[in-house]
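Shown here: my_file33.txt, compact mmCIF, C-alpha atoms.
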# COMPACT_ATOMS: atom_id res chain seq x y z
CA MET A 1 11.03 9.91 -11.26
CA THR A 2 10.36 6.33 -12.30
CA GLY A 3 12.49 3.26 -12.84
CA THR A 4 14.31 0.82 -10.58
CA ALA A 5 17.85 0.79 -11.94
CA ASN A 6 20.76 -0.11 -9.70
CA ALA A 7 21.80 3.32 -8.51
CA ASP A 8 25.53 2.63 -8.10
CA GLU A 9 26.42 0.93 -11.37
CA VAL A 10 24.28 3.16 -13.59
CA PRO A 11 24.18 6.88 -12.74
CA PHE A 12 20.97 8.13 -11.16
CA PHE A 13 18.82 10.39 -13.33
CA ALA A 14 15.86 12.33 -11.95
CA ASN A 15 14.33 12.64 -15.44
CA SER A 16 14.94 11.42 -18.99
CA ASN A 17 16.13 14.76 -20.43
CA VAL A 18 19.80 14.38 -19.48
CA PRO A 19 22.15 15.56 -22.28
CA ASP A 20 24.92 13.49 -23.86
CA TYR A 21 28.18 13.69 -21.91
CA SER A 22 31.47 12.09 -20.90
CA ALA A 23 32.72 12.26 -17.32
CA TRP A 24 35.81 11.14 -15.42
CA MET A 25 35.59 10.52 -11.70
CA ASN A 26 37.51 9.20 -8.69
CA VAL A 27 35.93 6.55 -6.48
CA TRP A 28 36.69 5.75 -2.83
CA ARG A 29 35.32 2.70 -1.05
CA GLY A 30 35.89 1.20 2.37
CA HIS A 31 37.08 2.47 5.71
CA GLY A 32 40.06 4.65 6.63
CA ARG A 33 41.97 6.18 3.71
CA PRO A 34 41.81 3.72 0.81
CA GLN A 35 43.42 4.59 -2.51
CA PRO A 36 40.93 5.98 -5.04
CA TYR A 37 40.35 4.32 -8.39
CA SER A 38 39.08 5.78 -11.65
CA ARG A 39 35.65 5.72 -13.27
CA SER A 40 34.65 6.92 -16.73
CA VAL A 41 31.03 7.55 -17.73
CA VAL A 42 29.58 8.03 -21.20
CA HIS A 43 25.86 8.78 -21.64
CA HIS A 44 23.62 9.01 -24.69
CA ASN A 45 19.85 9.08 -24.92
CA GLY A 46 19.22 7.16 -21.69
CA LEU A 47 22.01 4.62 -22.28
CA THR A 48 25.11 4.70 -20.09
CA HIS A 49 28.53 3.07 -20.39
CA VAL A 50 30.59 3.03 -17.17
CA GLU A 51 34.12 1.69 -16.72
CA GLU A 52 36.02 1.38 -13.43
CA THR A 53 39.67 0.31 -13.14
CA ASN A 54 41.01 -1.03 -9.86
CA ASP A 55 43.92 -3.38 -9.06
CA GLY A 56 44.45 -4.20 -12.74
CA ARG A 57 40.84 -5.28 -13.28
CA SER A 58 38.19 -3.35 -15.16
CA GLU A 59 34.52 -3.47 -14.20
CA ILE A 60 32.32 -2.38 -17.10
CA TYR A 61 28.63 -1.55 -17.02
CA TYR A 62 26.10 -0.85 -19.76
CA GLY A 63 22.69 0.22 -18.60
CA ASN A 64 19.44 1.94 -19.33
CA PHE A 65 18.23 3.61 -16.12
CA PHE A 66 14.63 3.97 -17.20
CA GLY A 67 14.66 0.60 -18.97
CA ASN A 68 15.63 -1.00 -15.66
CA VAL A 69 18.43 -3.13 -17.15
CA VAL A 70 22.13 -3.36 -16.28
CA LEU A 71 24.86 -5.42 -17.96
CA GLN A 72 28.05 -5.94 -15.96
CA ALA A 73 31.29 -7.29 -17.45
CA GLU A 74 34.81 -7.76 -16.16
CA LYS A 75 38.19 -7.63 -17.88
CA ASN A 76 41.50 -8.90 -16.51
CA ALA A 77 44.82 -7.03 -16.62
CA ALA A 78 45.45 -8.37 -20.15
CA GLY A 79 42.24 -6.74 -21.38
CA ASP A 80 40.33 -10.00 -21.91
CA PHE A 81 36.69 -10.35 -20.86
CA THR A 82 36.44 -12.88 -18.03
CA SER A 83 32.76 -12.61 -17.05
CA PHE A 84 29.51 -10.83 -17.73
CA ARG A 85 25.95 -10.85 -16.43
CA VAL A 86 22.61 -9.24 -17.19
CA ASN A 87 19.62 -9.01 -14.88
CA THR A 88 16.17 -7.84 -15.87
CA THR A 89 13.19 -7.59 -13.56
CA ALA A 90 9.61 -6.57 -14.21
CA THR A 91 8.95 -5.27 -10.72
CA GLN A 92 10.64 -3.28 -8.01
CA GLY A 93 12.30 -4.98 -5.08
CA GLY A 94 15.60 -6.22 -3.80
CA TYR A 95 18.28 -4.67 -1.62
CA LEU A 96 20.09 -2.91 -4.46
CA ASP A 97 17.06 -1.66 -6.39
CA LEU A 98 16.03 1.95 -6.39
CA ARG A 99 12.65 2.42 -4.72
CA GLY A 100 12.39 6.19 -4.79
CA SER A 101 14.28 9.46 -4.44
CA ARG A 102 14.10 12.70 -2.45
CA LEU A 103 15.64 16.10 -3.22
CA THR A 104 17.50 17.37 -0.16
CA VAL A 105 18.35 20.98 0.77
CA GLU A 106 22.09 20.38 0.34
CA SER A 107 24.11 21.64 -2.63
CA ASP A 108 27.73 21.19 -3.66
CA SER A 109 30.35 22.01 -6.29
CA GLN A 110 32.27 19.30 -8.15
CA ALA A 111 35.12 20.31 -10.51
CA GLY A 112 33.32 23.62 -11.08
CA GLU A 113 29.90 22.01 -11.60
CA ARG A 114 27.21 23.09 -9.17
CA CYS A 115 24.92 20.27 -8.07
CA ARG A 116 22.15 19.44 -5.62
CA TRP A 117 22.03 16.28 -3.50
CA TRP A 118 19.28 13.69 -3.86
CA GLU A 119 18.73 10.86 -1.42
CA ILE A 120 18.36 7.52 -3.25
CA VAL A 121 15.94 5.20 -1.45
CA ARG A 122 17.02 1.57 -1.83
CA GLN A 123 15.54 0.14 1.38
CA SER A 124 12.35 0.50 3.35
CA LEU A 125 12.26 3.38 5.84
CA GLN A 126 12.34 0.91 8.72
CA ASP A 127 15.43 -0.84 7.35
CA ARG A 128 17.24 2.46 6.82
CA GLN A 129 16.51 3.62 10.34
CA GLN A 130 17.78 0.37 11.78
CA SER A 131 20.94 -0.24 9.81
CA GLY A 132 21.49 2.11 6.89
CA PRO A 133 23.39 2.66 4.70
CA LEU A 134 22.15 5.84 3.01
CA TRP A 135 22.81 6.59 -0.69
CA PHE A 136 23.05 10.07 -2.20
CA SER A 137 23.56 11.44 -5.73
CA CYS A 138 24.49 15.02 -6.64
CA LEU A 139 22.93 16.23 -9.91
CA SER A 140 23.95 19.21 -12.03
CA GLY A 141 21.36 21.71 -13.22
CA ASP A 142 20.79 19.64 -16.39
CA GLY A 143 20.50 16.35 -14.49
CA ILE A 144 24.01 14.85 -14.79
CA GLU A 145 25.24 12.85 -11.82
CA VAL A 146 28.57 14.46 -10.83
CA ALA A 147 29.06 12.93 -7.37
CA THR A 148 27.76 10.18 -5.11
CA LYS A 149 28.19 9.28 -1.47
CA VAL A 150 27.14 6.39 0.75
CA LEU A 151 26.85 6.92 4.49
CA PHE A 152 26.46 4.53 7.38
CA SER A 153 23.32 5.06 9.46
CA ASP A 154 25.32 7.23 11.91
CA GLY A 155 26.39 9.55 9.06
CA THR A 156 30.02 8.40 8.74
CA PRO A 157 31.23 7.93 5.14
CA MET A 158 31.24 4.47 3.56
CA ALA A 159 32.01 5.37 -0.08
CA LYS A 160 32.06 8.37 -2.38
CA THR A 161 32.54 9.42 -6.00
CA GLN A 162 33.89 12.83 -7.00
CA LEU A 163 34.00 14.47 -10.42
CA VAL A 164 37.37 15.13 -12.09
CA LYS A 165 36.16 16.34 -15.51
CA LEU A 166 32.86 16.69 -17.37
CA VAL A 167 32.43 17.24 -21.12
CA ARG A 168 29.02 17.74 -22.71
CA ARG A 169 29.34 16.41 -26.28
CA PRO A 170 27.45 14.37 -28.89
CA VAL A 171 27.85 10.64 -28.14
CA ALA A 172 27.41 7.90 -30.76
CA ASP A 173 25.28 4.80 -30.19
CA SER A 174 28.39 2.61 -30.54
CA GLU A 175 29.91 4.24 -27.43
CA VAL A 176 27.07 3.12 -25.16
CA ASN A 177 26.21 -0.27 -26.69
CA PRO A 178 27.99 -3.39 -25.39
CA PRO A 179 30.31 -5.28 -27.76
CA ALA A 180 28.73 -8.14 -29.69
CA ILE A 181 31.32 -10.62 -28.39
CA LEU A 182 29.63 -10.63 -24.98
CA PHE A 183 26.62 -12.44 -26.48
CA ASP A 184 28.74 -14.87 -28.56
CA PRO A 185 28.76 -18.40 -27.05
CA GLY A 186 31.78 -19.29 -29.17
CA PHE A 187 33.87 -16.77 -27.25
CA TRP A 188 32.84 -17.95 -23.78
CA LEU A 189 33.22 -21.64 -24.60
CA LYS A 190 36.56 -21.40 -26.43
CA PRO A 191 38.85 -23.96 -24.72
CA PHE A 192 41.73 -22.67 -22.64
CA ARG A 193 43.96 -25.61 -23.49
CA GLN A 194 44.17 -29.08 -24.97
CA TYR A 195 42.56 -31.51 -22.55
CA SER A 196 43.89 -34.99 -21.90
CA ALA A 197 41.92 -38.07 -22.86
CA LYS A 198 38.78 -38.49 -20.82
CA PRO A 199 39.06 -40.72 -17.77
CA ALA A 200 37.02 -43.89 -17.39
CA THR A 201 34.79 -42.07 -14.89
CA ALA A 202 33.67 -39.49 -17.46
CA ALA A 203 31.62 -41.24 -20.13
CA ASP A 204 29.66 -39.30 -22.75
CA PHE A 205 25.96 -39.56 -21.96
CA GLU A 206 22.47 -38.13 -22.22
CA ALA A 207 20.20 -38.41 -19.18
CA SER A 208 16.84 -37.22 -17.94
CA MET A 209 16.23 -36.76 -14.21
CA VAL A 210 13.00 -35.96 -12.39
CA GLY A 211 12.46 -34.32 -9.00
CA ARG A 212 9.41 -33.35 -7.02
CA ASN A 213 9.25 -29.78 -8.39
CA SER A 214 11.37 -29.89 -11.55
CA GLU A 215 13.12 -32.01 -14.13
CA ILE A 216 16.47 -31.73 -15.88
CA LYS A 217 18.13 -33.03 -19.05
CA LEU A 218 21.89 -33.62 -18.92
CA LEU A 219 24.51 -34.01 -21.66
CA ARG A 220 28.23 -34.60 -21.18
CA HIS A 221 31.19 -34.60 -23.51
CA TYR A 222 34.25 -34.45 -21.27
CA PRO A 223 35.08 -31.93 -19.93
CA TRP A 224 31.88 -30.19 -21.07
CA ARG A 225 28.41 -30.58 -19.60
CA SER A 226 25.02 -29.03 -20.28
CA GLU A 227 21.84 -28.95 -18.23
CA GLU A 228 18.31 -27.92 -19.16
CA PHE A 229 16.10 -27.32 -16.13
CA ARG A 230 12.30 -27.00 -16.19
CA GLY A 231 10.35 -26.12 -13.05
CA LYS A 232 6.69 -26.86 -12.48
CA ASP A 233 6.29 -23.17 -11.62
CA GLY A 234 7.27 -22.20 -15.19
CA SER A 235 10.89 -21.33 -14.39
CA SER A 236 13.67 -22.56 -16.67
CA ARG A 237 17.45 -22.65 -16.74
CA PHE A 238 20.00 -23.58 -19.38
CA MET A 239 23.65 -24.12 -18.49
CA VAL A 240 26.69 -25.29 -20.42
CA TRP A 241 30.03 -25.39 -18.63
CA ASN A 242 33.54 -26.83 -18.46
CA GLU A 243 34.07 -29.17 -15.51
CA LEU A 244 37.78 -28.32 -15.31
CA GLU A 245 37.53 -24.51 -15.50
CA ASN A 246 35.33 -21.74 -14.19
CA GLN A 247 33.89 -21.41 -17.68
CA GLY A 248 30.39 -21.54 -19.07
CA ILE A 249 27.06 -19.85 -19.77
CA ARG A 250 23.87 -19.83 -17.71
CA VAL A 251 20.44 -18.43 -18.62
CA TYR A 252 17.65 -18.40 -16.04
CA SER A 253 14.05 -17.28 -16.45
CA SER A 254 11.10 -17.11 -14.06
CA LYS A 255 8.00 -14.98 -13.76
CA GLY A 256 9.12 -11.34 -13.81
CA HIS A 257 12.86 -12.10 -13.77
CA GLN A 258 15.55 -13.10 -16.26
CA HIS A 259 19.24 -13.64 -15.63
CA LEU A 260 22.14 -14.30 -18.00
CA ASP A 261 25.74 -14.80 -16.96
CA ALA A 262 28.89 -16.16 -18.52
CA SER A 263 32.41 -16.76 -17.26
CA ARG A 264 35.77 -17.64 -18.79
CA ARG A 265 38.33 -18.05 -16.01
CA PRO A 266 40.70 -20.86 -15.08
CA LEU A 267 39.55 -22.60 -11.91
CA ASN A 268 41.50 -21.39 -8.87
CA PRO A 269 42.90 -24.50 -7.14
CA LYS A 270 42.96 -22.61 -3.84
CA SER A 271 39.23 -21.92 -4.12
CA PRO A 272 37.75 -24.74 -6.24
CA TRP A 273 34.18 -23.46 -6.27
CA ASP A 274 32.58 -24.17 -9.63
CA SER A 275 30.24 -21.24 -10.21
CA PHE A 276 27.97 -23.30 -12.49
CA ASP A 277 27.17 -26.62 -10.82
CA HIS A 278 28.35 -25.42 -7.38
CA THR A 279 30.58 -28.39 -6.64
CA THR A 280 33.53 -27.86 -4.32
CA GLY A 281 35.15 -31.28 -4.49
CA ARG A 282 34.39 -34.98 -4.51
CA VAL A 283 34.59 -37.07 -1.36
CA ASP A 284 33.87 -40.81 -1.47
CA LEU A 285 31.24 -41.62 1.17
CA ASN A 286 32.09 -45.34 0.99
CA LYS A 287 28.47 -46.21 0.39
CA SER A 288 27.00 -47.94 -2.64
CA GLU A 289 23.45 -48.57 -3.80
CA SER A 290 21.64 -50.50 -6.48
CA LEU A 291 19.20 -48.30 -8.39
CA GLU A 292 18.71 -48.90 -12.12
CA GLU A 293 22.31 -50.11 -11.86
CA SER A 294 24.98 -50.02 -9.19
CA CYS A 295 26.25 -46.61 -8.06
CA ALA A 296 28.49 -45.15 -5.35
CA TRP A 297 27.72 -42.10 -3.21
CA PHE A 298 29.94 -39.00 -3.23
CA ASP A 299 29.78 -35.69 -1.37
CA MET A 300 30.13 -33.04 -4.10
CA MET A 301 30.12 -30.05 -1.72
CA PRO A 302 32.40 -30.91 1.20
CA ASN A 303 33.09 -28.26 3.84
CA VAL A 304 30.06 -26.15 2.90
CA ALA A 305 27.97 -25.19 5.94
CA ASP A 306 24.69 -23.91 4.50
CA ALA A 307 24.23 -26.19 1.46
CA GLY A 308 24.98 -29.73 0.35
CA ARG A 309 25.01 -32.00 -2.66
CA ARG A 310 25.35 -35.79 -2.74
CA GLN A 311 25.34 -37.86 -5.91
CA CYS A 312 25.14 -41.59 -6.53
CA LEU A 313 27.39 -42.12 -9.57
CA THR A 314 27.89 -45.13 -11.81
CA ALA A 315 31.43 -46.38 -12.40
CA ASP A 316 31.62 -44.24 -15.53
CA GLY A 317 30.35 -41.11 -13.77
CA ILE A 318 26.64 -40.93 -14.61
CA PRO A 319 24.38 -39.64 -11.78
CA LEU A 320 21.49 -41.93 -10.91
CA ARG A 321 20.39 -39.88 -7.91
CA ASP A 322 21.24 -36.26 -7.07
CA VAL A 323 20.33 -34.89 -3.62
CA ILE A 324 20.59 -31.12 -3.24
CA THR A 325 20.04 -29.48 0.16
CA SER A 326 20.05 -25.85 1.24
CA GLY A 327 19.93 -24.08 4.56
CA TRP A 328 17.70 -21.52 2.85
CA GLY A 329 15.16 -24.07 1.62
CA GLY A 330 14.50 -25.09 -1.96
CA GLY A 331 16.34 -28.42 -1.94
CA GLU A 332 15.48 -31.16 -4.42
CA THR A 333 16.14 -34.86 -5.01
CA TYR A 334 16.44 -36.04 -8.62
CA GLU A 335 16.11 -39.61 -9.90
CA ALA A 336 17.40 -40.69 -13.31
CA VAL A 337 14.52 -41.92 -15.51
CA SER A 338 16.44 -42.24 -18.77
CA ILE A 339 20.13 -42.82 -19.54
CA LYS A 340 21.83 -43.17 -22.93
CA ARG A 341 25.56 -43.74 -23.23
CA ARG A 342 26.40 -42.26 -26.61
CA SER A 343 28.85 -39.92 -28.31
CA VAL A 344 27.87 -36.30 -27.62
CA ASP A 345 29.03 -33.43 -29.81
CA LEU A 346 29.81 -30.08 -28.17
CA LYS A 347 27.54 -28.44 -30.77
CA GLU A 348 24.58 -30.17 -29.10
CA MET A 349 25.39 -28.35 -25.89
CA ILE A 350 25.64 -24.77 -27.19
CA ALA A 351 23.02 -22.41 -25.75
CA PRO A 352 20.19 -21.78 -28.26
CA LEU A 353 20.91 -18.51 -30.04
CA GLU A 354 17.53 -17.04 -29.09
CA LEU A 355 18.56 -17.20 -25.42
CA LEU A 356 21.56 -14.99 -26.17
CA ASP A 357 19.82 -12.54 -28.50
CA PRO A 358 20.91 -9.07 -27.22
CA SER A 359 17.48 -7.59 -27.97
CA LYS A 360 15.93 -10.15 -25.60
CA TRP A 361 18.00 -8.51 -22.85
CA GLY A 362 17.24 -4.93 -23.84
CA PHE A 363 20.44 -4.13 -25.76
CA SER A 364 21.72 -3.35 -29.20
CA VAL A 365 25.38 -4.27 -29.71
CA ALA A 366 28.44 -2.61 -31.20
CA ASN A 367 30.56 -4.64 -33.62
Would you write out, as structure tokens, the structure that this file holds?
Amino acid sequence: MTGTANADEVPFFANSNVPDYSAWMNVWRGHGRPQPYSRSVVHHNGLTHVEETNDGRSEIYYGNFFGNVVLQAEKNAAGDFTSFRVNTTATQGGYLDLRGSRLTVESDSQAGERCRWWEIVRQSLQDRQQSGPLWFSCLSGDGIEVATKVLFSDGTPMAKTQLVKLVRRPVADSEVNPPAILFDPGFWLKPFRQYSAKPATAADFEASMVGRNSEIKLLRHYPWRSEEFRGKDGSSRFMVWNELENQGIRVYSSKGHQHLDASRRPLNPKSPWDSFDHTTGRVDLNKSESLEESCAWFDMMPNVADAGRRQCLTADGIPLRDVITSGWGGGETYEAVSIKRRSVDLKEMIAPLELLDPSKWGFSVAN
């Protein structure tokens, strides 16, 4: 067995000769006696499409186990996509990644399908002995995953999946390829509503900022912003987002790792955490400074214990200094080296199409 796919979201396969099939399953998670929710699985030629429905939301996964790639998307109760993400990695590692597998002596029967249990190794042996949990997958004679279970280190159940129905049938490519709309920036950046005239503190601008380990280019056309990040270590990030909603696109790349995510949700006023620039508010620190021009300091992440962000903003909202701190390390201080107040068109801020090319992320798409 090779590959490092996430063993929960994409079914575990011991080899690449698994036949085409559709399966319907019940999933239990948590302690006590939680209500089960449904999962459907469609597999074709190494590609898998999984859908789970719970509390009116649908979690959808497209993955290639041996290609080591998983796409996750979410739909709301109205059936609209609200988020998606793709992770690719060139090497093994990470808490959720599969590091190996071991055939156990246990067997089972699920909806009339005989299967044998495999232990899925997702942690080092030392970590498993200390804290668990332990993951298991039950495979039919032809390699189809028909059940899973997750146990705490003391053997008590944490989660399980049980087969309801299995049909071996020919499956078309279109059934296991994600829809093209997920890679369409026009969909993710479509405005929710008509926005009021921009305030005086939100001028259109273009700016370049430099830090010790990286530099960024900023564009703003209220309420939209974009940021291009370049690290001295070769890493890069492109973001475009709506300052008034939890809406935008982010693409990150570093050695051996690429990440793409998009969101289209109204910002929750009870939890105003912007998932793109990670601001949680704006508190005036009653402190001003004269840099290239006069600016006032604001705390952009109030009430956050393990991270911080302070910005010195001009009267029309342009950052001249941006101080990012983290309890985990990796903070940075940026200084503005170039500022242009000018009209910015939203088209200038759209992610380059090559960044959203499905083939770049290991997928073909279904129209």
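With all atoms listed in the file as the atoms that count, the residue of A:Asn64, A:Ser288, A:Thr279, A:Ser109 with the shortest distance to Met300 in chain A is A:Thr279.
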Hey, what's within 8 Å of range 133-142 of chain A if we count only C-alpha atoms and toss same-chain stuff fewer than 6 positions away? As a list in words, please? Phe12, Phe13, Asn17, Val18, Pro19, Ser107, Asp108, Glu113, Arg114, Cys115, Arg116, Trp117, Trp118, Glu119, Ile120, Val121, Arg122, Thr148, Lys149, Val150, Leu151, Phe152 and Ser153 of chain A
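Interatomic distance, CA of Phe81 in chain A to CA of Gln247 in chain A: 11.8 Å.
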Could you give me, as a list in words, the residues within 12 Å of Ser294 in chain A, counting all atoms listed in the file and dropping anything in the same chain fewer than 4 positions from it? Lys287, Ser288, Glu289, Ser290, Cys312, Leu313, Thr314, Ala315, Asp316, Gly317, Ile318, Pro319, Leu320 and Arg321 of chain A
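Between CA of Glu354 in chain A and CA of Pro185 in chain A lies a distance of 11.5 Å.
Distances here use only C-alpha atoms; by that measure, the residue among A:Thr201, A:Leu166, A:Ile350, A:Ser275 closest to Phe187 in chain A is A:Ile350.
Relative to CA of Tyr334 in chain A, CA of Arg225 in chain A is found at 17.1 Å.
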Note to self: I want to know what sits within 7 Å of Asp284 in chain A, based on all atoms listed in the file, with residues of the same chain fewer than 3 positions away left out; could you give that as a PyMOL selection string?
What the structure shows: chain A and resi 297-299
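Shell of Ser40 in chain A at 7 Å, with all atoms listed in the file counted and residues fewer than 5 places along the chain excluded, is A:Ala23, A:Trp24, A:Met25, A:Val50, A:Glu51, A:Glu52.
Minimum distance to Ile144 in chain A across A:Asn177, A:Gln110, A:Asn367, A:Thr53 (counting all atoms listed in the file) occurs at A:Gln110.
Compared by their closest atoms to Lys165 in chain A, and using all atoms listed in the file, the residues A:Ala147, A:Val10, A:Leu244, A:Val344 rank with A:Ala147 nearest.
Using only C-alpha atoms, the residues found no farther than 9 Å from Asp233 in chain A, other than those of its own chain fewer than 5 positions away, are Asn213, Ser214, Ser254 and Lys255 of chain A.
Minimum atom-to-atom distances from A:Ile249, A:Leu291, A:Met349, A:Leu163 to Trp188 in chain A were compared using only C-alpha atoms, and the lowest value belongs to A:Ile249.
Of the listed residues (A:Val164, A:Val337, A:Val251, A:Ile324), A:Val337 comes nearest to Glu292 in chain A; the distances count only C-alpha atoms.
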Reconstruct range 70-78 of chain A at the level of all heavy atoms, and format the result as a PDB file, in the frame of the given file.
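Written file, result.pdb:
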ATOM      1  N   VAL A  70      20.703  -3.599 -16.466  1.00  0.00           N
ATOM      2  CA  VAL A  70      22.130  -3.360 -16.280  1.00  0.00           C
ATOM      3  C   VAL A  70      22.903  -4.575 -16.739  1.00  0.00           C
ATOM      4  O   VAL A  70      22.576  -5.703 -16.361  1.00  0.00           O
ATOM      5  CB  VAL A  70      22.475  -3.060 -14.807  1.00  0.00           C
ATOM      6  CG1 VAL A  70      23.974  -2.817 -14.649  1.00  0.00           C
ATOM      7  CG2 VAL A  70      21.699  -1.871 -14.282  1.00  0.00           C
ATOM      8  N   LEU A  71      23.919  -4.376 -17.569  1.00  0.00           N
ATOM      9  CA  LEU A  71      24.860  -5.420 -17.960  1.00  0.00           C
ATOM     10  C   LEU A  71      26.186  -5.113 -17.280  1.00  0.00           C
ATOM     11  O   LEU A  71      26.684  -3.988 -17.364  1.00  0.00           O
ATOM     12  CB  LEU A  71      25.023  -5.440 -19.477  1.00  0.00           C
ATOM     13  CG  LEU A  71      25.933  -6.500 -20.112  1.00  0.00           C
ATOM     14  CD1 LEU A  71      25.546  -6.710 -21.580  1.00  0.00           C
ATOM     15  CD2 LEU A  71      27.424  -6.153 -20.041  1.00  0.00           C
ATOM     16  N   GLN A  72      26.755  -6.094 -16.624  1.00  0.00           N
ATOM     17  CA  GLN A  72      28.050  -5.940 -15.960  1.00  0.00           C
ATOM     18  C   GLN A  72      29.036  -6.915 -16.563  1.00  0.00           C
ATOM     19  O   GLN A  72      28.740  -8.098 -16.727  1.00  0.00           O
ATOM     20  CB  GLN A  72      27.926  -6.196 -14.459  1.00  0.00           C
ATOM     21  CG  GLN A  72      29.253  -6.073 -13.721  1.00  0.00           C
ATOM     22  CD  GLN A  72      29.136  -6.394 -12.240  1.00  0.00           C
ATOM     23  OE1 GLN A  72      28.039  -6.657 -11.740  1.00  0.00           O
ATOM     24  NE2 GLN A  72      30.248  -6.367 -11.531  1.00  0.00           N
ATOM     25  N   ALA A  73      30.234  -6.434 -16.905  1.00  0.00           N
ATOM     26  CA  ALA A  73      31.290  -7.290 -17.450  1.00  0.00           C
ATOM     27  C   ALA A  73      32.591  -6.986 -16.730  1.00  0.00           C
ATOM     28  O   ALA A  73      32.754  -5.925 -16.129  1.00  0.00           O
ATOM     29  CB  ALA A  73      31.441  -7.066 -18.953  1.00  0.00           C
ATOM     30  N   GLU A  74      33.517  -7.927 -16.817  1.00  0.00           N
ATOM     31  CA  GLU A  74      34.810  -7.760 -16.160  1.00  0.00           C
ATOM     32  C   GLU A  74      35.915  -8.130 -17.125  1.00  0.00           C
ATOM     33  O   GLU A  74      35.805  -9.102 -17.872  1.00  0.00           O
ATOM     34  CB  GLU A  74      34.885  -8.645 -14.912  1.00  0.00           C
ATOM     35  CG  GLU A  74      36.166  -8.476 -14.107  1.00  0.00           C
ATOM     36  CD  GLU A  74      36.167  -9.305 -12.841  1.00  0.00           C
ATOM     37  OE1 GLU A  74      35.144  -9.293 -12.123  1.00  0.00           O
ATOM     38  OE2 GLU A  74      37.180  -9.979 -12.578  1.00  0.00           O
ATOM     39  N   LYS A  75      36.988  -7.340 -17.101  1.00  0.00           N
ATOM     40  CA  LYS A  75      38.190  -7.630 -17.880  1.00  0.00           C
ATOM     41  C   LYS A  75      39.358  -7.828 -16.924  1.00  0.00           C
ATOM     42  O   LYS A  75      39.438  -7.193 -15.875  1.00  0.00           O
ATOM     43  CB  LYS A  75      38.524  -6.467 -18.828  1.00  0.00           C
ATOM     44  CG  LYS A  75      37.660  -6.363 -20.060  1.00  0.00           C
ATOM     45  CD  LYS A  75      38.164  -5.223 -20.945  1.00  0.00           C
ATOM     46  CE  LYS A  75      37.361  -5.104 -22.233  1.00  0.00           C
ATOM     47  NZ  LYS A  75      37.852  -3.980 -23.076  1.00  0.00           N
ATOM     48  N   ASN A  76      40.292  -8.712 -17.312  1.00  0.00           N
ATOM     49  CA  ASN A  76      41.500  -8.900 -16.510  1.00  0.00           C
ATOM     50  C   ASN A  76      42.564  -7.893 -16.935  1.00  0.00           C
ATOM     51  O   ASN A  76      42.325  -7.040 -17.816  1.00  0.00           O
ATOM     52  CB  ASN A  76      41.997 -10.336 -16.608  1.00  0.00           C
ATOM     53  CG  ASN A  76      42.326 -10.759 -18.043  1.00  0.00           C
ATOM     54  OD1 ASN A  76      42.545  -9.927 -18.930  1.00  0.00           O
ATOM     55  ND2 ASN A  76      42.356 -12.064 -18.281  1.00  0.00           N
ATOM     56  N   ALA A  77      43.745  -7.986 -16.339  1.00  0.00           N
ATOM     57  CA  ALA A  77      44.820  -7.030 -16.620  1.00  0.00           C
ATOM     58  C   ALA A  77      45.279  -7.089 -18.069  1.00  0.00           C
ATOM     59  O   ALA A  77      45.804  -6.109 -18.596  1.00  0.00           O
ATOM     60  CB  ALA A  77      45.993  -7.295 -15.676  1.00  0.00           C
ATOM     61  N   ALA A  78      45.069  -8.240 -18.736  1.00  0.00           N
ATOM     62  CA  ALA A  78      45.450  -8.370 -20.150  1.00  0.00           C
ATOM     63  C   ALA A  78      44.413  -7.791 -21.094  1.00  0.00           C
ATOM     64  O   ALA A  78      44.613  -7.775 -22.312  1.00  0.00           O
ATOM     65  CB  ALA A  78      45.693  -9.843 -20.485  1.00  0.00           C
TER      66      ALA A  78
END
